[in-house]
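> PDB, C-alpha atoms, file target-v1.pdb:
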ATOM      1  CA  MET U 280      75.269  23.265 -47.261
ATOM      2  CA  THR U 281      71.969  22.163 -48.657
ATOM      3  CA  ASN U 282      73.442  21.570 -52.125
ATOM      4  CA  ALA U 283      76.293  19.503 -50.680
ATOM      5  CA  THR U 284      73.964  17.180 -48.801
ATOM      6  CA  SER U 285      71.418  16.802 -51.609
ATOM      7  CA  THR U 286      73.878  15.700 -54.275
ATOM      8  CA  LYS U 287      74.310  11.885 -54.479
ATOM      9  CA  PRO U 288      76.667   9.896 -56.672
ATOM     10  CA  PRO U 289      74.942   8.032 -59.486
ATOM     11  CA  ALA U 290      74.113   4.423 -58.696
ATOM     12  CA  PRO U 291      76.175   1.885 -60.611
ATOM     13  CA  THR U 292      73.879   0.282 -63.111
ATOM     14  CA  HIS U 293      76.361  -1.489 -65.377
ATOM     15  CA  ARG U 294      76.209  -4.754 -63.357
ATOM     16  CA  ALA U 295      72.422  -4.959 -63.499
ATOM     17  CA  GLU U 296      72.485  -4.173 -67.182
ATOM     18  CA  SER U 297      75.117  -6.822 -67.805
ATOM     19  CA  GLY U 298      73.078  -9.331 -65.757
ATOM     20  CA  THR U 299      69.897  -8.629 -67.682
ATOM     21  CA  GLY U 300      71.872  -8.923 -70.888
ATOM     22  CA  LYS U 301      72.979 -12.496 -70.083
ATOM     23  CA  ALA U 302      69.547 -13.793 -69.020
ATOM     24  CA  PRO U 303      67.889 -13.739 -72.475
ATOM     25  CA  SER U 304      70.867 -15.507 -74.065
ATOM     26  CA  ALA U 305      70.803 -18.222 -71.389
ATOM     27  CA  LYS U 306      67.084 -18.731 -71.937
ATOM     28  CA  LYS U 307      67.632 -18.998 -75.674
ATOM     29  CA  GLU U 308      70.305 -21.661 -75.148
ATOM     30  CA  ILE U 309      68.012 -23.642 -72.857
ATOM     31  CA  ARG U 310      65.161 -23.421 -75.366
ATOM     32  CA  ALA U 311      67.464 -24.519 -78.193
ATOM     33  CA  LEU U 312      68.703 -27.525 -76.207
ATOM     34  CA  SER U 313      65.146 -28.402 -75.215
ATOM     35  CA  GLY U 314      64.062 -28.211 -78.849
ATOM     36  CA  LEU U 315      66.910 -30.486 -79.940
ATOM     37  CA  ALA U 316      66.012 -32.940 -77.186
ATOM     38  CA  HIS U 317      62.377 -33.049 -78.319
ATOM     39  CA  ILE U 318      63.410 -33.549 -81.943
ATOM     40  CA  SER U 319      65.733 -36.381 -80.922
ATOM     41  CA  LEU U 320      62.954 -38.046 -78.927
ATOM     42  CA  VAL U 321      60.559 -37.792 -81.876
ATOM     43  CA  VAL U 322      63.142 -39.331 -84.233
ATOM     44  CA  TRP U 323      63.871 -42.099 -81.747
ATOM     45  CA  ALA U 324      60.141 -42.799 -81.270
ATOM     46  CA  LEU U 325      59.595 -43.027 -85.038
ATOM     47  CA  ALA U 326      62.629 -45.283 -85.483
ATOM     48  CA  THR U 327      61.354 -47.574 -82.723
ATOM     49  CA  ALA U 328      57.620 -47.583 -83.331
ATOM     50  CA  GLY U 329      57.763 -47.412 -87.141
ATOM     51  CA  PRO U 330      58.984 -50.996 -87.739
ATOM     52  CA  LEU U 331      56.549 -52.340 -85.141
ATOM     53  CA  ILE U 332      53.601 -50.621 -86.786
ATOM     54  CA  TRP U 333      54.735 -51.870 -90.203
ATOM     55  CA  VAL U 334      54.923 -55.466 -88.933
ATOM     56  CA  VAL U 335      51.385 -55.255 -87.518
ATOM     57  CA  LEU U 336      50.009 -53.820 -90.786
ATOM     58  CA  ALA U 337      51.914 -56.369 -92.880
ATOM     59  CA  SER U 338      50.342 -59.194 -90.888
ATOM     60  CA  PHE U 339      46.999 -58.314 -92.529
ATOM     61  CA  LYS U 340      48.390 -58.249 -96.077
ATOM     62  CA  SER U 341      49.173 -60.882 -98.670
ATOM     63  CA  ASN U 342      52.605 -61.456-100.181
ATOM     64  CA  THR U 343      51.537 -59.487-103.248
ATOM     65  CA  GLU U 344      50.539 -56.468-101.190
ATOM     66  CA  ILE U 345      53.749 -56.579 -99.161
ATOM     67  CA  PHE U 346      56.219 -56.811-102.065
ATOM     68  CA  LEU U 347      54.419 -55.692-105.239
ATOM     69  CA  GLY U 348      51.797 -53.313-103.949
ATOM     70  CA  LYS U 349      52.265 -50.409-101.572
ATOM     71  CA  PRO U 350      54.233 -51.815 -98.650
ATOM     72  CA  PHE U 351      53.657 -48.757 -96.449
ATOM     73  CA  ALA U 352      49.952 -48.357 -97.225
ATOM     74  CA  LEU U 353      47.085 -49.710 -95.174
ATOM     75  CA  PRO U 354      45.920 -53.226 -96.101
ATOM     76  CA  GLU U 355      42.973 -53.475 -98.461
ATOM     77  CA  HIS U 356      41.112 -55.833 -96.138
ATOM     78  CA  PHE U 357      41.597 -56.349 -92.418
ATOM     79  CA  SER U 358      41.229 -60.089 -91.939
ATOM     80  CA  PHE U 359      42.421 -62.248 -89.072
ATOM     81  CA  ASP U 360      42.846 -65.318 -91.283
ATOM     82  CA  THR U 361      46.616 -64.914 -91.151
ATOM     83  CA  TYR U 362      46.509 -65.019 -87.351
ATOM     84  CA  ALA U 363      44.346 -68.139 -87.441
ATOM     85  CA  ASN U 364      46.768 -69.791 -89.865
ATOM     86  CA  ALA U 365      49.742 -68.804 -87.734
ATOM     87  CA  TRP U 366      48.080 -70.086 -84.554
ATOM     88  CA  THR U 367      46.990 -73.471 -85.960
ATOM     89  CA  GLU U 368      48.826 -74.424 -89.157
ATOM     90  CA  ALA U 369      52.186 -72.889 -88.199
ATOM     91  CA  HIS U 370      51.755 -74.192 -84.599
ATOM     92  CA  VAL U 371      52.386 -70.750 -83.136
ATOM     93  CA  GLY U 372      49.695 -71.445 -80.545
ATOM     94  CA  ARG U 373      51.648 -74.422 -79.210
ATOM     95  CA  TYR U 374      54.899 -72.440 -79.186
ATOM     96  CA  PHE U 375      53.150 -69.539 -77.468
ATOM     97  CA  LEU U 376      51.796 -71.747 -74.671
ATOM     98  CA  ASN U 377      55.209 -73.379 -74.235
ATOM     99  CA  SER U 378      56.797 -69.952 -73.830
ATOM    100  CA  VAL U 379      54.161 -68.870 -71.316
ATOM    101  CA  PHE U 380      54.675 -72.052 -69.271
ATOM    102  CA  VAL U 381      58.481 -71.809 -69.262
ATOM    103  CA  VAL U 382      58.649 -68.062 -68.594
ATOM    104  CA  LEU U 383      56.111 -68.172 -65.757
ATOM    105  CA  LEU U 384      57.935 -70.918 -63.870
ATOM    106  CA  SER U 385      61.412 -69.571 -64.556
ATOM    107  CA  THR U 386      60.456 -66.028 -63.545
ATOM    108  CA  ALA U 387      58.833 -67.297 -60.340
ATOM    109  CA  GLY U 388      61.964 -69.275 -59.489
ATOM    110  CA  THR U 389      64.240 -66.369 -60.378
ATOM    111  CA  MET U 390      62.339 -63.945 -58.170
ATOM    112  CA  LEU U 391      62.147 -66.373 -55.248
ATOM    113  CA  PHE U 392      65.825 -67.379 -55.182
ATOM    114  CA  GLY U 393      67.100 -63.995 -56.354
ATOM    115  CA  SER U 394      65.196 -61.996 -53.755
ATOM    116  CA  MET U 395      66.261 -64.299 -50.917
ATOM    117  CA  ALA U 396      69.914 -64.195 -51.970
ATOM    118  CA  ALA U 397      69.852 -60.426 -52.458
ATOM    119  CA  TYR U 398      68.195 -59.879 -49.056
ATOM    120  CA  VAL U 399      70.783 -61.955 -47.204
ATOM    121  CA  LEU U 400      73.707 -60.340 -49.026
ATOM    122  CA  ALA U 401      72.324 -56.837 -48.428
ATOM    123  CA  ARG U 402      71.135 -57.092 -44.806
ATOM    124  CA  TYR U 403      73.470 -59.592 -43.117
ATOM    125  CA  ARG U 404      77.207 -59.448 -42.512
ATOM    126  CA  PHE U 405      79.138 -62.725 -42.560
ATOM    127  CA  PHE U 406      82.435 -64.103 -43.813
ATOM    128  CA  GLY U 407      82.436 -64.365 -47.605
ATOM    129  CA  ASN U 408      79.517 -61.966 -48.085
ATOM    130  CA  ARG U 409      81.313 -59.723 -50.559
ATOM    131  CA  PHE U 410      82.877 -62.679 -52.376
ATOM    132  CA  ILE U 411      79.491 -64.292 -53.003
ATOM    133  CA  TYR U 412      78.031 -60.963 -54.098
ATOM    134  CA  TYR U 413      80.844 -60.319 -56.572
ATOM    135  CA  MET U 414      80.483 -63.846 -57.923
ATOM    136  CA  PHE U 415      76.861 -63.057 -58.740
ATOM    137  CA  VAL U 416      77.770 -59.698 -60.260
ATOM    138  CA  SER U 417      80.538 -61.260 -62.375
ATOM    139  CA  GLY U 418      77.829 -63.220 -64.162
ATOM    140  CA  LEU U 419      76.709 -59.975 -65.793
ATOM    141  CA  ALA U 420      80.031 -59.730 -67.656
ATOM    142  CA  PHE U 421      80.020 -63.351 -68.838
ATOM    143  CA  PRO U 422      78.692 -63.700 -72.428
ATOM    144  CA  THR U 423      75.968 -66.299 -72.827
ATOM    145  CA  PHE U 424      77.370 -67.887 -75.970
ATOM    146  CA  MET U 425      80.642 -68.744 -74.187
ATOM    147  CA  ALA U 426      78.768 -71.088 -71.834
ATOM    148  CA  LEU U 427      76.700 -72.894 -74.483
ATOM    149  CA  VAL U 428      79.061 -75.849 -75.064
ATOM    150  CA  PRO U 429      79.798 -76.707 -71.397
ATOM    151  CA  LEU U 430      76.146 -76.028 -70.567
ATOM    152  CA  PHE U 431      75.034 -78.543 -73.186
ATOM    153  CA  PHE U 432      77.289 -81.298 -71.828
ATOM    154  CA  ILE U 433      76.275 -80.594 -68.214
ATOM    155  CA  LEU U 434      72.580 -80.865 -69.063
ATOM    156  CA  LYS U 435      73.225 -83.923 -71.210
ATOM    157  CA  GLY U 436      74.967 -85.628 -68.291
ATOM    158  CA  LEU U 437      71.995 -84.819 -66.061
ATOM    159  CA  GLY U 438      69.488 -86.027 -68.645
ATOM    160  CA  LEU U 439      67.884 -82.583 -68.977
ATOM    161  CA  ILE U 440      68.395 -81.998 -72.707
ATOM    162  CA  ASN U 441      65.087 -81.445 -74.546
ATOM    163  CA  THR U 442      63.158 -80.977 -71.294
ATOM    164  CA  PHE U 443      61.273 -78.028 -69.887
ATOM    165  CA  THR U 444      62.983 -78.637 -66.541
ATOM    166  CA  GLY U 445      66.416 -78.083 -68.025
ATOM    167  CA  LEU U 446      65.335 -74.947 -69.859
ATOM    168  CA  ILE U 447      63.673 -73.496 -66.760
ATOM    169  CA  LEU U 448      66.734 -74.147 -64.591
ATOM    170  CA  VAL U 449      69.007 -72.527 -67.171
ATOM    171  CA  TYR U 450      66.706 -69.503 -67.427
ATOM    172  CA  ILE U 451      66.820 -69.109 -63.638
ATOM    173  CA  ALA U 452      70.612 -69.306 -63.559
ATOM    174  CA  TYR U 453      70.847 -66.921 -66.521
ATOM    175  CA  SER U 454      68.635 -64.301 -64.798
ATOM    176  CA  LEU U 455      69.992 -64.519 -61.244
ATOM    177  CA  PRO U 456      73.046 -62.205 -61.596
ATOM    178  CA  PHE U 457      71.103 -59.112 -62.621
ATOM    179  CA  THR U 458      68.273 -59.922 -60.197
ATOM    180  CA  VAL U 459      70.650 -60.178 -57.219
ATOM    181  CA  PHE U 460      72.583 -57.097 -58.315
ATOM    182  CA  PHE U 461      69.410 -54.993 -58.647
ATOM    183  CA  LEU U 462      67.577 -56.194 -55.529
ATOM    184  CA  ALA U 463      70.636 -56.108 -53.244
ATOM    185  CA  ALA U 464      70.995 -52.388 -53.887
ATOM    186  CA  PHE U 465      67.244 -51.960 -53.349
ATOM    187  CA  PHE U 466      67.114 -53.887 -50.052
ATOM    188  CA  LYS U 467      69.923 -51.697 -48.684
ATOM    189  CA  THR U 468      67.661 -48.653 -48.945
ATOM    190  CA  LEU U 469      64.967 -50.163 -46.691
ATOM    191  CA  PRO U 470      64.957 -48.783 -43.116
ATOM    192  CA  ASN U 471      66.574 -50.899 -40.401
ATOM    193  CA  GLU U 472      64.185 -49.655 -37.717
ATOM    194  CA  ILE U 473      61.280 -51.748 -39.016
ATOM    195  CA  ALA U 474      63.357 -54.942 -39.044
ATOM    196  CA  GLU U 475      64.615 -54.202 -35.526
ATOM    197  CA  ALA U 476      61.050 -53.628 -34.319
ATOM    198  CA  ALA U 477      59.952 -56.930 -35.864
ATOM    199  CA  THR U 478      62.854 -58.695 -34.136
ATOM    200  CA  MET U 479      61.812 -57.171 -30.793
ATOM    201  CA  ASP U 480      58.290 -58.512 -31.383
ATOM    202  CA  GLY U 481      59.660 -62.018 -31.852
ATOM    203  CA  ALA U 482      59.411 -62.289 -35.663
ATOM    204  CA  SER U 483      61.759 -64.828 -37.202
ATOM    205  CA  HIS U 484      64.089 -63.987 -40.087
ATOM    206  CA  THR U 485      61.832 -65.838 -42.511
ATOM    207  CA  ARG U 486      58.760 -63.973 -41.341
ATOM    208  CA  GLN U 487      60.576 -60.640 -41.533
ATOM    209  CA  PHE U 488      61.548 -61.352 -45.111
ATOM    210  CA  PHE U 489      58.222 -62.599 -46.485
ATOM    211  CA  GLN U 490      55.777 -60.478 -44.468
ATOM    212  CA  ILE U 491      57.675 -57.227 -43.926
ATOM    213  CA  MET U 492      60.580 -56.686 -46.324
ATOM    214  CA  LEU U 493      59.086 -58.123 -49.512
ATOM    215  CA  PRO U 494      55.942 -55.919 -49.355
ATOM    216  CA  MET U 495      58.163 -52.884 -48.734
ATOM    217  CA  ALA U 496      60.244 -53.764 -51.810
ATOM    218  CA  ARG U 497      57.201 -54.200 -54.045
ATOM    219  CA  SER U 498      58.144 -51.536 -56.602
ATOM    220  CA  GLY U 499      61.632 -52.958 -57.060
ATOM    221  CA  LEU U 500      60.272 -56.494 -57.339
ATOM    222  CA  VAL U 501      57.792 -55.462 -60.030
ATOM    223  CA  SER U 502      60.522 -53.734 -62.044
ATOM    224  CA  ILE U 503      62.950 -56.634 -62.023
ATOM    225  CA  THR U 504      60.124 -59.112 -62.675
ATOM    226  CA  ILE U 505      59.186 -57.282 -65.879
ATOM    227  CA  PHE U 506      62.831 -57.186 -66.984
ATOM    228  CA  ASN U 507      63.186 -60.920 -66.378
ATOM    229  CA  ILE U 508      59.976 -61.749 -68.236
ATOM    230  CA  VAL U 509      61.016 -59.707 -71.268
ATOM    231  CA  GLY U 510      64.546 -61.148 -71.280
ATOM    232  CA  GLN U 511      63.384 -64.749 -70.968
ATOM    233  CA  TRP U 512      60.530 -64.295 -73.448
ATOM    234  CA  ASN U 513      62.953 -63.027 -76.120
ATOM    235  CA  GLN U 514      65.682 -65.619 -75.429
ATOM    236  CA  TYR U 515      66.730 -67.607 -78.490
ATOM    237  CA  LEU U 516      70.243 -69.064 -78.060
ATOM    238  CA  LEU U 517      69.525 -71.065 -74.913
ATOM    239  CA  PRO U 518      66.377 -72.806 -76.239
ATOM    240  CA  VAL U 519      68.154 -73.684 -79.495
ATOM    241  CA  VAL U 520      70.942 -75.434 -77.569
ATOM    242  CA  ILE U 521      68.724 -77.169 -75.006
ATOM    243  CA  MET U 522      65.533 -78.048 -76.916
ATOM    244  CA  GLN U 523      66.879 -80.442 -79.548
ATOM    245  CA  GLY U 524      66.545 -84.108 -80.329
ATOM    246  CA  ALA U 525      63.661 -86.426 -81.127
ATOM    247  CA  GLY U 526      60.301 -84.695 -80.733
ATOM    248  CA  ALA U 527      61.902 -81.381 -79.823
ATOM    249  CA  ASP U 528      59.631 -79.429 -82.174
ATOM    250  CA  SER U 529      56.667 -80.069 -79.881
ATOM    251  CA  LYS U 530      58.564 -78.377 -77.029
ATOM    252  CA  TRP U 531      59.890 -75.382 -78.916
ATOM    253  CA  VAL U 532      59.307 -71.922 -77.470
ATOM    254  CA  LEU U 533      57.991 -68.996 -79.496
ATOM    255  CA  THR U 534      61.342 -67.664 -80.702
ATOM    256  CA  GLN U 535      62.289 -71.079 -82.086
ATOM    257  CA  GLY U 536      58.922 -71.451 -83.790
ATOM    258  CA  ILE U 537      59.161 -68.058 -85.483
ATOM    259  CA  ALA U 538      62.703 -68.774 -86.661
ATOM    260  CA  ASN U 539      61.524 -72.103 -88.079
ATOM    261  CA  ILE U 540      58.695 -70.392 -89.988
ATOM    262  CA  SER U 541      61.131 -67.972 -91.615
ATOM    263  CA  THR U 542      63.752 -70.584 -92.558
ATOM    264  CA  SER U 543      61.792 -73.717 -93.473
ATOM    265  CA  ALA U 544      59.685 -72.201 -96.271
ATOM    266  CA  GLY U 545      62.521 -70.310 -97.975
ATOM    267  CA  TYR U 546      61.351 -68.167-100.886
ATOM    268  CA  HIS U 547      57.840 -69.642-100.692
ATOM    269  CA  ALA U 548      57.205 -68.345 -97.182
ATOM    270  CA  GLU U 549      53.843 -66.869 -96.342
ATOM    271  CA  TRP U 550      55.195 -63.607 -94.995
ATOM    272  CA  SER U 551      51.878 -62.415 -93.604
ATOM    273  CA  THR U 552      51.776 -65.540 -91.408
ATOM    274  CA  LEU U 553      55.308 -64.810 -90.232
ATOM    275  CA  PHE U 554      54.410 -61.210 -89.406
ATOM    276  CA  ALA U 555      51.291 -62.409 -87.592
ATOM    277  CA  ALA U 556      53.479 -64.693 -85.475
ATOM    278  CA  LEU U 557      55.833 -61.790 -84.767
ATOM    279  CA  THR U 558      52.882 -59.633 -83.716
ATOM    280  CA  LEU U 559      51.678 -62.351 -81.339
ATOM    281  CA  ALA U 560      55.156 -62.435 -79.811
ATOM    282  CA  ILE U 561      55.518 -58.654 -79.509
ATOM    283  CA  LEU U 562      52.090 -57.542 -78.286
ATOM    284  CA  PRO U 563      52.101 -59.326 -74.875
ATOM    285  CA  MET U 564      55.321 -57.560 -73.867
ATOM    286  CA  ILE U 565      54.012 -54.158 -75.013
ATOM    287  CA  VAL U 566      50.714 -54.635 -73.163
ATOM    288  CA  MET U 567      52.482 -55.771 -70.004
ATOM    289  CA  TYR U 568      54.843 -52.809 -70.060
ATOM    290  CA  ALA U 569      51.936 -50.407 -70.649
ATOM    291  CA  ILE U 570      50.088 -51.838 -67.641
ATOM    292  CA  PHE U 571      53.059 -51.793 -65.250
ATOM    293  CA  GLN U 572      54.786 -48.686 -66.584
ATOM    294  CA  ARG U 573      54.345 -46.650 -63.400
ATOM    295  CA  GLN U 574      55.496 -49.491 -61.158
ATOM    296  CA  ILE U 575      58.620 -49.972 -63.298
ATOM    297  CA  GLN U 576      59.493 -46.277 -63.127
ATOM    298  CA  ALA U 577      58.828 -46.197 -59.384
ATOM    299  CA  GLY U 578      61.101 -49.189 -58.825
ATOM    300  CA  LEU U 579      63.937 -47.705 -60.863
ATOM    301  CA  THR U 580      63.800 -44.359 -59.055
ATOM    302  CA  ALA U 581      62.985 -45.546 -55.529
ATOM    303  CA  GLY U 582      66.626 -45.912 -54.505
ATOM    304  CA  ALA U 583      67.530 -42.452 -55.782
ATOM    305  CA  VAL U 584      64.572 -40.801 -54.028
ATOM    306  CA  LYS U 585      65.346 -42.409 -50.702
TER     307      LYS U 585
END
Is it possible to express this structure as structure tokens?

Amino acid sequence: MTNATSTKPPAPTHRAESGTGKAPSAKKEIRALSGLAHISLVVWALATAGPLIWVVLASFKSNTEIFLGKPFALPEHFSFDTYANAWTEAHVGRYFLNSVFVVLLSTAGTMLFGSMAAYVLARYRFFGNRFIYYMFVSGLAFPTFMALVPLFFILKGLGLINTFTGLILVYIAYSLPFTVFFLAAFFKTLPNEIAEAATMDGASHTRQFFQIMLPMARSGLVSITIFNIVGQWNQYLLPVVIMQGAGADSKWVLTQGIANISTSAGYHAEWSTLFAALTLAILPMIVMYAIFQRQIQAGLTAGAVK
């Protein structure tokens, strides 16, 4: 009797053993994929940052050092004479200030009109709401170069060719589709309770927008503002079409000025001056992104988190 009750069947251990056998292999696969991801990121970082670093170093070199010396070595002497020549003799300073003026006004107009349109389309229901929204979104699929010819004749008829006003208005129209598309989705994530409470307190629609909703959408506004600044700063086709005619060279933006430096001198170009101009065009965008990096990431992920 005692022997019968004391004997127990052996516990099945094959499942536990099989489970512990799969865990190390799964961890190895995860580590392998993680290692490949890190290697890919390193290669991508080198491919992106390498040319930028080379341009900055080449801006301190002479033509002889760039082509006949060691092109990937450090410059023999770090001198800012090339930057001074680019700023004054190559008129990069004038082009730089023109770009700053145009981009500041066009970005301000884009954010003002784009945020108001996106807020109305996202928060109010009326006849034609979806049609207007899809008209804005369809602008994302319309190539810029297809509109250059009709755009030129429209501006010419309005007397806006070779004017900052025409370029600023075109920049605003060019940036509105993505701005409305991005901010409309962002405004939809904002809570309705706060707007309803403001309405109960007697706040008008304008006051709700500027004093309540815009501060709540700060992260999204910062993100799309940076995108618009970078896109308008790097624009080349639109200024070439619009800024032409008598005295147009005094109104050129930075991209036009740099292109003129590289094409006008031909084989006798002072390449260090060209690279100095490129550095002056690149560094402001890098510095701005470094400063607002967290705000950009917060704006891009805010909708997903909520």
> Expressed in Å to a single decimal, how great is the separation between atom CA of Asn342 of chain U and atom CA of Gly329 of chain U?
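Computed distance, atom CA of Asn342 of chain U to atom CA of Gly329 of chain U, equals 19.8 Å.
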> What do you get, as a ChimeraX atom specification, if you spell out every residue that the PyMOL selection byres ((chain U and resi 409-415) around 10) selects here?
/U:396-397,400-401,404-408,416-419,455-460,463
> Mind giving me the straight-line distance from atom CA of Ser551 of chain U to atom CA of Val379 of chain U in Å, one decimal?
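We find that atom CA of Ser551 of chain U and atom CA of Val379 of chain U lie 23.3 Å from each other.
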> Between atom CA of Ala477 of chain U and atom CA of Pro494 of chain U, measure the distance and give it in Å to one decimal.
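Atom-to-atom, atom CA of Ala477 of chain U and atom CA of Pro494 of chain U are spaced 14.1 Å apart.
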> Take the PyMOL selection byres ((chain U and resi 502) around 10), apply it to the structure above, and return the hits as an NGL selection string.
:U and (461-462 or 497-501 or 503-507 or 568 or 571-579)
> Dump C-alpha atoms for the selected residues as an mmCIF file, in the frame of the given file?

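This went into part-v9.cif:
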data_model
loop_
_atom_site.group_PDB
_atom_site.id
_atom_site.type_symbol
_atom_site.label_atom_id
_atom_site.label_comp_id
_atom_site.auth_asym_id
_atom_site.auth_seq_id
_atom_site.Cartn_x
_atom_site.Cartn_y
_atom_site.Cartn_z
ATOM 1 C CA PHE U 461 69.410 -54.993 -58.647
ATOM 2 C CA LEU U 462 67.577 -56.194 -55.529
ATOM 3 C CA ARG U 497 57.201 -54.200 -54.045
ATOM 4 C CA SER U 498 58.144 -51.536 -56.602
ATOM 5 C CA GLY U 499 61.632 -52.958 -57.060
ATOM 6 C CA LEU U 500 60.272 -56.494 -57.339
ATOM 7 C CA VAL U 501 57.792 -55.462 -60.030
ATOM 8 C CA ILE U 503 62.950 -56.634 -62.023
ATOM 9 C CA THR U 504 60.124 -59.112 -62.675
ATOM 10 C CA ILE U 505 59.186 -57.282 -65.879
ATOM 11 C CA PHE U 506 62.831 -57.186 -66.984
ATOM 12 C CA ASN U 507 63.186 -60.920 -66.378
ATOM 13 C CA TYR U 568 54.843 -52.809 -70.060
ATOM 14 C CA PHE U 571 53.059 -51.793 -65.250
ATOM 15 C CA GLN U 572 54.786 -48.686 -66.584
ATOM 16 C CA ARG U 573 54.345 -46.650 -63.400
ATOM 17 C CA GLN U 574 55.496 -49.491 -61.158
ATOM 18 C CA ILE U 575 58.620 -49.972 -63.298
ATOM 19 C CA GLN U 576 59.493 -46.277 -63.127
ATOM 20 C CA ALA U 577 58.828 -46.197 -59.384
ATOM 21 C CA GLY U 578 61.101 -49.189 -58.825
ATOM 22 C CA LEU U 579 63.937 -47.705 -60.863
#
> Which protein, DNA or RNA residues have an atom at most 12 Å from (73.4, -78.6, -69.3), counting only C-alpha atoms? List them as a PyMOL selection string.
chain U and resi 426-442+444-450+452+517-518+520-522
> Those residues you just picked out, can you put them in a file as a JSON list (two decimals), keeping the file's coordinate frame with C-alpha atoms?

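That gives us out_15.json:
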[["chain", "number", "residue", "atom", "x", "y", "z"],
["U", 426, "ALA", "CA", 78.77, -71.09, -71.83],
["U", 427, "LEU", "CA", 76.70, -72.89, -74.48],
["U", 428, "VAL", "CA", 79.06, -75.85, -75.06],
["U", 429, "PRO", "CA", 79.80, -76.71, -71.40],
["U", 430, "LEU", "CA", 76.15, -76.03, -70.57],
["U", 431, "PHE", "CA", 75.03, -78.54, -73.19],
["U", 432, "PHE", "CA", 77.29, -81.30, -71.83],
["U", 433, "ILE", "CA", 76.28, -80.59, -68.21],
["U", 434, "LEU", "CA", 72.58, -80.86, -69.06],
["U", 435, "LYS", "CA", 73.22, -83.92, -71.21],
["U", 436, "GLY", "CA", 74.97, -85.63, -68.29],
["U", 437, "LEU", "CA", 72.00, -84.82, -66.06],
["U", 438, "GLY", "CA", 69.49, -86.03, -68.64],
["U", 439, "LEU", "CA", 67.88, -82.58, -68.98],
["U", 440, "ILE", "CA", 68.40, -82.00, -72.71],
["U", 441, "ASN", "CA", 65.09, -81.44, -74.55],
["U", 442, "THR", "CA", 63.16, -80.98, -71.29],
["U", 444, "THR", "CA", 62.98, -78.64, -66.54],
["U", 445, "GLY", "CA", 66.42, -78.08, -68.03],
["U", 446, "LEU", "CA", 65.33, -74.95, -69.86],
["U", 447, "ILE", "CA", 63.67, -73.50, -66.76],
["U", 448, "LEU", "CA", 66.73, -74.15, -64.59],
["U", 449, "VAL", "CA", 69.01, -72.53, -67.17],
["U", 450, "TYR", "CA", 66.71, -69.50, -67.43],
["U", 452, "ALA", "CA", 70.61, -69.31, -63.56],
["U", 517, "LEU", "CA", 69.53, -71.06, -74.91],
["U", 518, "PRO", "CA", 66.38, -72.81, -76.24],
["U", 520, "VAL", "CA", 70.94, -75.43, -77.57],
["U", 521, "ILE", "CA", 68.72, -77.17, -75.01],
["U", 522, "MET", "CA", 65.53, -78.05, -76.92]]
> Using the chain letters and numbers from the file, give me the residues hit by the PyMOL selection byres ((chain U and resi 540) around 10), as a PyMOL selection string.
chain U and resi 365+369-371+535-539+541-545+548-550+552-553+556
> With only C-alpha atoms as the atoms that count, which of U:Ile508, U:Ala555, U:Val519, U:Leu493 lies nearest to Met395 of chain U?
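For Met395 of chain U, the nearest of the given residues is U:Leu493.
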